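Student: Take this structure first; my questions come after.
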Amino acid sequence: MMLDTFDAERLQNLQPDELSDSLERGSVVFFPESPVALPAAEDLDFFRQELPQRLKLKNISFHPEDGKTRGLDSDDAEMVERVNRVLQTVSDDIAAFLGKTAPRLTDNWTVGTCSFRPLQEQGRDLSAHASNELIHIDAGAYGATHGDRILRFFINVNPAEDRVWATKGSFPELFAEHGERAQLGYRNAGPGYLSKGPLDHFRSGLIGLAAHGIPVLRVLDSSPYDRAMRKFHNYMKDTPSFQQQQQGHQEFRFPPFSAWMVYTDMVSHACLSGQHAFVHTSLVRLENCHLPEMAPINILRAAAIAD
């Protein structure tokens, strides 16, 4: 696990697949200065000052599937429109940056939410499964990923405070140590492990039809792979001995107006402290991977036929 820094000079001299390969190997790709334009100063001040008081859900998120923002507790149409506009612009700018610098990632990808996290992460007193302070690997973004990769791009827009992360390593090492204890069911499962059964196909088809009219219903979809990853996610958060162990533990500090991106299904992570950040989520197709053997779904499948 490492922090792989891409400053302005390195970005100007990128080699093909340099960014995407770094992500696939389990690095946190770090930009000392955000390569994506920040919102106007008055919009940032508005987000930092007003939105902590207007939070209805865990985060305030723009959903591109229907063009609406959720999590904002306000009946003020002008405020809602302003938040929606800023989040959509940040989302579009991140997508444009990745399309230019790492086209492998964006080929036929799924652009998910762009959210603003207005509260101090330290001491939020959330349930274990909802807490960002406990180290975990992400699972089931927007329902079912079916093995596609969960890519998140972060920008710290706090003018004075670092955003502090912790990790205990990447999926291959964590799975090797904790896979059996997490009871993921791969041992001697054979080549059919993680294959969708008739019920999964029926549910996915039904949800797909319904989602044509109500796009947010896609979050109800599931797959054997996503259930296995959710089980691993919950094992990490529910196991005090895992949270307390020092093996593989590292901490990173992301300064004001820096940015970073990571496959959060690959790299274990927790946000220990920090307030005011944009988070853009997308699903990168498994078939786009340059190093597919490093993808969690293929590591799980290989383990199921190893014996």
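Just remember, in the structure tokens the first chain shown is A, the second B, etc., residues are 1-based per chain, and ligands are 1-based in the order shown.
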What residues in range 88-232 of chain A get the DSSP label alpha helix (DSSP H)? Please answer as a PyMOL selection string.
Tutor: chain A and resi 88-101+103-106+171-178+198-211+224-232
Student: Okay, now the selection with C-alpha atoms, as a PDB file, in the first residue's frame?
Tutor:
```
ATOM      1  CA  GLN A  88     -23.193  18.734 -10.975  1.00  0.00           C
ATOM      2  CA  THR A  89     -20.362  20.999 -12.138  1.00  0.00           C
ATOM      3  CA  VAL A  90     -17.859  19.305  -9.812  1.00  0.00           C
ATOM      4  CA  SER A  91     -19.048  15.903 -11.071  1.00  0.00           C
ATOM      5  CA  ASP A  92     -18.720  16.927 -14.709  1.00  0.00           C
ATOM      6  CA  ASP A  93     -15.255  18.427 -14.166  1.00  0.00           C
ATOM      7  CA  ILE A  94     -13.937  15.289 -12.435  1.00  0.00           C
ATOM      8  CA  ALA A  95     -15.339  13.096 -15.212  1.00  0.00           C
ATOM      9  CA  ALA A  96     -13.714  15.344 -17.838  1.00  0.00           C
ATOM     10  CA  PHE A  97     -10.347  15.207 -16.060  1.00  0.00           C
ATOM     11  CA  LEU A  98     -10.416  11.408 -15.873  1.00  0.00           C
ATOM     12  CA  GLY A  99     -11.570  11.105 -19.462  1.00  0.00           C
ATOM     13  CA  LYS A 100      -8.514  13.085 -20.532  1.00  0.00           C
ATOM     14  CA  THR A 101      -5.869  11.562 -18.249  1.00  0.00           C
ATOM     15  CA  PRO A 103      -9.508   7.081 -20.610  1.00  0.00           C
ATOM     16  CA  ARG A 104      -9.320   3.394 -19.657  1.00  0.00           C
ATOM     17  CA  LEU A 105     -11.349   4.262 -16.556  1.00  0.00           C
ATOM     18  CA  THR A 106     -14.127   6.129 -18.293  1.00  0.00           C
ATOM     19  CA  PHE A 171      -7.701  -6.392  -0.547  1.00  0.00           C
ATOM     20  CA  PRO A 172      -5.212  -9.146  -1.538  1.00  0.00           C
ATOM     21  CA  GLU A 173      -3.373  -9.044   1.809  1.00  0.00           C
ATOM     22  CA  LEU A 174      -6.495  -8.552   3.900  1.00  0.00           C
ATOM     23  CA  PHE A 175      -8.336 -11.360   2.131  1.00  0.00           C
ATOM     24  CA  ALA A 176      -5.386 -13.728   2.610  1.00  0.00           C
ATOM     25  CA  GLU A 177      -5.395 -13.025   6.355  1.00  0.00           C
ATOM     26  CA  HIS A 178      -9.083 -12.610   7.100  1.00  0.00           C
ATOM     27  CA  PRO A 198     -31.887 -17.899 -11.311  1.00  0.00           C
ATOM     28  CA  LEU A 199     -33.180 -15.796  -8.417  1.00  0.00           C
ATOM     29  CA  ASP A 200     -30.406 -13.238  -8.898  1.00  0.00           C
ATOM     30  CA  HIS A 201     -31.110 -13.027 -12.623  1.00  0.00           C
ATOM     31  CA  PHE A 202     -34.832 -12.622 -11.983  1.00  0.00           C
ATOM     32  CA  ARG A 203     -34.293  -9.879  -9.399  1.00  0.00           C
ATOM     33  CA  SER A 204     -31.797  -8.005 -11.591  1.00  0.00           C
ATOM     34  CA  GLY A 205     -34.153  -8.161 -14.566  1.00  0.00           C
ATOM     35  CA  LEU A 206     -37.127  -6.976 -12.538  1.00  0.00           C
ATOM     36  CA  ILE A 207     -35.165  -4.118 -10.962  1.00  0.00           C
ATOM     37  CA  GLY A 208     -33.754  -3.171 -14.362  1.00  0.00           C
ATOM     38  CA  LEU A 209     -37.253  -2.824 -15.774  1.00  0.00           C
ATOM     39  CA  ALA A 210     -38.488  -0.807 -12.814  1.00  0.00           C
ATOM     40  CA  ALA A 211     -35.397   1.427 -12.868  1.00  0.00           C
ATOM     41  CA  PRO A 224     -23.245 -13.102  -5.032  1.00  0.00           C
ATOM     42  CA  TYR A 225     -20.069 -11.047  -5.420  1.00  0.00           C
ATOM     43  CA  ASP A 226     -21.594  -7.952  -3.854  1.00  0.00           C
ATOM     44  CA  ARG A 227     -22.994  -9.967  -0.964  1.00  0.00           C
ATOM     45  CA  ALA A 228     -19.548 -11.480  -0.321  1.00  0.00           C
ATOM     46  CA  MET A 229     -17.946  -8.034  -0.338  1.00  0.00           C
ATOM     47  CA  ARG A 230     -20.661  -6.678   1.965  1.00  0.00           C
ATOM     48  CA  LYS A 231     -19.928  -9.556   4.337  1.00  0.00           C
ATOM     49  CA  PHE A 232     -16.225  -8.654   4.305  1.00  0.00           C
TER      50      PHE A 232
END
```
Student: Using only C-alpha atoms, which residues sit within 7 Å of range 139-151 of chain A once same-chain residues fewer than 5 positions away are excluded, as a PyMOL selection string?
Tutor: chain A and resi 218-223+225-226+229-230+233+262-265+281-286+297
Student: Based on the selection just made, write N, CA and C atoms of those residues as a PDB file, in the first residue's frame.
Tutor:
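To be explicit, this is the file written out as out23.pdb:
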```pdb
ATOM      1  N   ARG A 218     -32.203   1.076  -8.690  1.00  0.00           N
ATOM      2  CA  ARG A 218     -31.041   0.213  -8.960  1.00  0.00           C
ATOM      3  C   ARG A 218     -30.303  -0.173  -7.679  1.00  0.00           C
ATOM      4  N   VAL A 219     -30.450   0.633  -6.632  1.00  0.00           N
ATOM      5  CA  VAL A 219     -29.739   0.333  -5.385  1.00  0.00           C
ATOM      6  C   VAL A 219     -30.260  -0.950  -4.734  1.00  0.00           C
ATOM      7  N   LEU A 220     -31.409  -1.453  -5.189  1.00  0.00           N
ATOM      8  CA  LEU A 220     -31.982  -2.673  -4.617  1.00  0.00           C
ATOM      9  C   LEU A 220     -31.379  -3.936  -5.217  1.00  0.00           C
ATOM     10  N   ASP A 221     -30.599  -3.788  -6.297  1.00  0.00           N
ATOM     11  CA  ASP A 221     -30.030  -4.959  -6.955  1.00  0.00           C
ATOM     12  C   ASP A 221     -28.916  -5.568  -6.104  1.00  0.00           C
ATOM     13  N   SER A 222     -28.635  -6.849  -6.365  1.00  0.00           N
ATOM     14  CA  SER A 222     -27.610  -7.555  -5.611  1.00  0.00           C
ATOM     15  C   SER A 222     -26.988  -8.619  -6.503  1.00  0.00           C
ATOM     16  N   SER A 223     -25.898  -9.197  -6.028  1.00  0.00           N
ATOM     17  CA  SER A 223     -25.246 -10.302  -6.724  1.00  0.00           C
ATOM     18  C   SER A 223     -24.438 -11.088  -5.702  1.00  0.00           C
ATOM     19  N   TYR A 225     -21.317 -11.770  -5.687  1.00  0.00           N
ATOM     20  CA  TYR A 225     -20.069 -11.047  -5.420  1.00  0.00           C
ATOM     21  C   TYR A 225     -20.309  -9.896  -4.457  1.00  0.00           C
ATOM     22  N   ASP A 226     -21.346  -9.103  -4.708  1.00  0.00           N
ATOM     23  CA  ASP A 226     -21.594  -7.952  -3.854  1.00  0.00           C
ATOM     24  C   ASP A 226     -21.977  -8.366  -2.443  1.00  0.00           C
ATOM     25  N   MET A 229     -18.694  -9.233  -0.709  1.00  0.00           N
ATOM     26  CA  MET A 229     -17.946  -8.034  -0.338  1.00  0.00           C
ATOM     27  C   MET A 229     -18.626  -7.290   0.815  1.00  0.00           C
ATOM     28  N   ARG A 230     -19.952  -7.286   0.842  1.00  0.00           N
ATOM     29  CA  ARG A 230     -20.661  -6.678   1.965  1.00  0.00           C
ATOM     30  C   ARG A 230     -20.359  -7.435   3.256  1.00  0.00           C
ATOM     31  N   HIS A 233     -16.944  -6.329   4.307  1.00  0.00           N
ATOM     32  CA  HIS A 233     -17.085  -4.968   4.834  1.00  0.00           C
ATOM     33  C   HIS A 233     -17.604  -5.001   6.267  1.00  0.00           C
ATOM     34  N   VAL A 262      -8.992   6.620  -5.437  1.00  0.00           N
ATOM     35  CA  VAL A 262      -8.646   5.273  -5.009  1.00  0.00           C
ATOM     36  C   VAL A 262      -9.775   4.327  -5.367  1.00  0.00           C
ATOM     37  N   TYR A 263      -9.405   3.080  -5.673  1.00  0.00           N
ATOM     38  CA  TYR A 263     -10.418   2.035  -5.770  1.00  0.00           C
ATOM     39  C   TYR A 263     -10.761   1.629  -4.343  1.00  0.00           C
ATOM     40  N   THR A 264     -11.928   2.040  -3.876  1.00  0.00           N
ATOM     41  CA  THR A 264     -12.279   1.785  -2.484  1.00  0.00           C
ATOM     42  C   THR A 264     -12.772   0.362  -2.240  1.00  0.00           C
ATOM     43  N   ASP A 265     -12.943  -0.437  -3.323  1.00  0.00           N
ATOM     44  CA  ASP A 265     -13.168  -1.870  -3.150  1.00  0.00           C
ATOM     45  C   ASP A 265     -11.843  -2.602  -3.019  1.00  0.00           C
ATOM     46  N   THR A 281     -18.152   9.445  -7.044  1.00  0.00           N
ATOM     47  CA  THR A 281     -18.122   7.985  -7.129  1.00  0.00           C
ATOM     48  C   THR A 281     -18.499   7.528  -8.529  1.00  0.00           C
ATOM     49  N   SER A 282     -17.779   6.536  -9.026  1.00  0.00           N
ATOM     50  CA  SER A 282     -18.107   5.944 -10.320  1.00  0.00           C
ATOM     51  C   SER A 282     -17.805   4.452 -10.276  1.00  0.00           C
ATOM     52  N   LEU A 283     -18.379   3.730 -11.206  1.00  0.00           N
ATOM     53  CA  LEU A 283     -18.112   2.303 -11.363  1.00  0.00           C
ATOM     54  C   LEU A 283     -17.353   2.099 -12.664  1.00  0.00           C
ATOM     55  N   VAL A 284     -16.139   1.554 -12.560  1.00  0.00           N
ATOM     56  CA  VAL A 284     -15.292   1.270 -13.718  1.00  0.00           C
ATOM     57  C   VAL A 284     -15.488  -0.186 -14.095  1.00  0.00           C
ATOM     58  N   ARG A 285     -15.726  -0.444 -15.346  1.00  0.00           N
ATOM     59  CA  ARG A 285     -16.026  -1.805 -15.799  1.00  0.00           C
ATOM     60  C   ARG A 285     -14.831  -2.732 -15.595  1.00  0.00           C
ATOM     61  N   LEU A 286     -15.130  -3.927 -15.102  1.00  0.00           N
ATOM     62  CA  LEU A 286     -14.081  -4.919 -14.861  1.00  0.00           C
ATOM     63  C   LEU A 286     -13.291  -5.201 -16.135  1.00  0.00           C
ATOM     64  N   ILE A 297     -12.898  -9.481  -7.385  1.00  0.00           N
ATOM     65  CA  ILE A 297     -13.720 -10.601  -7.827  1.00  0.00           C
ATOM     66  C   ILE A 297     -12.857 -11.731  -8.375  1.00  0.00           C
TER      67      ILE A 297
END
```
Student: Please, what distance in Å, to one decimal, runs between CA of Lys56 in chain A and CA of Asp73 in chain A?
Tutor: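 So the answer is 5.0 Å.
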Student: Would you please work out which residue, of A:Arg301, A:Val80, A:Glu133, A:Ile60, is nearest to Leu184 in chain A when using only C-alpha atoms?
Tutor: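 Among A:Arg301, A:Val80, A:Glu133, A:Ile60, it is A:Arg301 that comes nearest to Leu184 in chain A.
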Student: Let's see if you can do this: from backbone DSSP, list all strand (DSSP E) residues in range 98-256 of chain A, as a list in words.
Tutor: Thr110, Val111, Gly112, Thr113, Cys114, Ser115, Phe116, Arg117, Arg149, Ile150, Leu151, Arg152, Phe153, Phe154, Ile155, Asn156, Arg163, Val164, Trp165, Ala166, Thr167, Gln250, Glu251, Phe252, Arg253 and Phe254 of chain A
Student: What does the structure give for the distance between CA of Ser273 in chain A and CA of Pro256 in chain A, in Å to one decimal?
Tutor: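 Rounded to one decimal, the two atoms are 12.9 Å apart.
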Student: Can you list, as a list in words, every protein, DNA or RNA residue that comes within 9 Å of Ala306 in chain A when you count only C-alpha atoms, leaving out same-chain residues fewer than 2 positions away?
Tutor: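 Skipping anything fewer than 2 positions along the chain leaves Arg187, Asn188, Gly190, Arg301, Ala302, Ala303 and Ala304 of chain A.
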Student: Restricting it to C-alpha atoms, dump the selection as a short mmCIF file (atom, residue, chain, number, x, y, z; two decimals), in the first residue's frame.
Tutor:
```cif
data_model
loop_
_atom_site.label_atom_id
_atom_site.label_comp_id
_atom_site.auth_asym_id
_atom_site.auth_seq_id
_atom_site.Cartn_x
_atom_site.Cartn_y
_atom_site.Cartn_z
CA ARG A 187 -13.23 -22.57 0.31
CA ASN A 188 -13.66 -25.49 -2.13
CA GLY A 190 -15.27 -24.42 -7.24
CA ARG A 301 -12.68 -16.70 -7.83
CA ALA A 302 -9.07 -17.87 -7.85
CA ALA A 303 -9.29 -18.79 -4.16
CA ALA A 304 -12.44 -20.83 -4.81
#
```
Student: What gap, in Å, lies between CA of Pro296 in chain A and CA of Tyr193 in chain A?
Tutor: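 Result for CA of Pro296 in chain A versus CA of Tyr193 in chain A: 13.2 Å, one decimal.
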Student: So which one's closest to Phe254 in chain A, A:Gly274, A:Gly169, A:Pro39, A:Pro292? Using only C-alpha atoms, please.
Tutor: A:Gly274
Student: Taking into account only C-alpha atoms, which residue in the set A:Lys58, A:Arg253, A:His63, A:Lys237 is nearest to Ala128 in chain A?
Tutor: A:Lys237
Student: Measuring between only C-alpha atoms, which one of A:Glu180, A:Glu287, A:Ala295, A:Phe278 shows the shortest distance to Met261 in chain A?
Tutor: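 Looking only at the distances to Met261 in chain A, the closest residue turns out to be A:Phe278.
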Student: Using only C-alpha atoms, find the one residue out of A:Val164, A:Cys289, A:Leu194, A:Arg25 that sits nearest to Asp107 in chain A.
Tutor: A:Cys289
Student: Would you kindly return, as an mmCIF file with C-alpha atoms, in the first residue's frame, each protein, DNA or RNA residue with an atom no farther than 10 Å from any atom of Cys271 in chain A, considering only C-alpha atoms and excluding same-chain residues fewer than 4 positions away?
Tutor:
```
data_model
loop_
_atom_site.group_PDB
_atom_site.id
_atom_site.type_symbol
_atom_site.label_atom_id
_atom_site.label_comp_id
_atom_site.auth_asym_id
_atom_site.auth_seq_id
_atom_site.Cartn_x
_atom_site.Cartn_y
_atom_site.Cartn_z
ATOM 1 C CA GLN A 120 -16.543 16.796 10.978
ATOM 2 C CA GLU A 121 -15.940 13.072 10.515
ATOM 3 C CA GLN A 122 -14.360 12.579 13.931
ATOM 4 C CA SER A 131 -19.311 5.061 10.277
ATOM 5 C CA ASN A 132 -16.450 6.380 8.152
ATOM 6 C CA GLU A 133 -14.113 6.224 11.175
ATOM 7 C CA LEU A 134 -13.838 2.408 11.094
ATOM 8 C CA ILE A 135 -11.504 0.850 8.538
ATOM 9 C CA ARG A 163 -8.403 15.281 6.008
ATOM 10 C CA VAL A 164 -6.842 12.320 7.804
ATOM 11 C CA TRP A 165 -7.183 8.762 6.540
ATOM 12 C CA ALA A 166 -6.075 5.391 7.881
ATOM 13 C CA THR A 167 -5.636 2.064 6.109
ATOM 14 C CA GLU A 251 -2.170 7.120 8.088
ATOM 15 C CA PHE A 252 -2.298 9.786 5.388
#
```
Student: Of the residues A:Leu87, A:Leu57, A:Ala40, A:Ala102, which is the one nearest to Pro16 in chain A, using only C-alpha atoms?
Tutor: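 Distance minimum relative to Pro16 in chain A lands on A:Ala102.
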Student: Just want the 6 Å neighbourhood of Phe153 in chain A, counted on only C-alpha atoms, with same-chain residues fewer than 4 positions away dropped. Output as a list in words.
Tutor: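 Selected residues are Trp260, Met261, Val279 and His280 of chain A.
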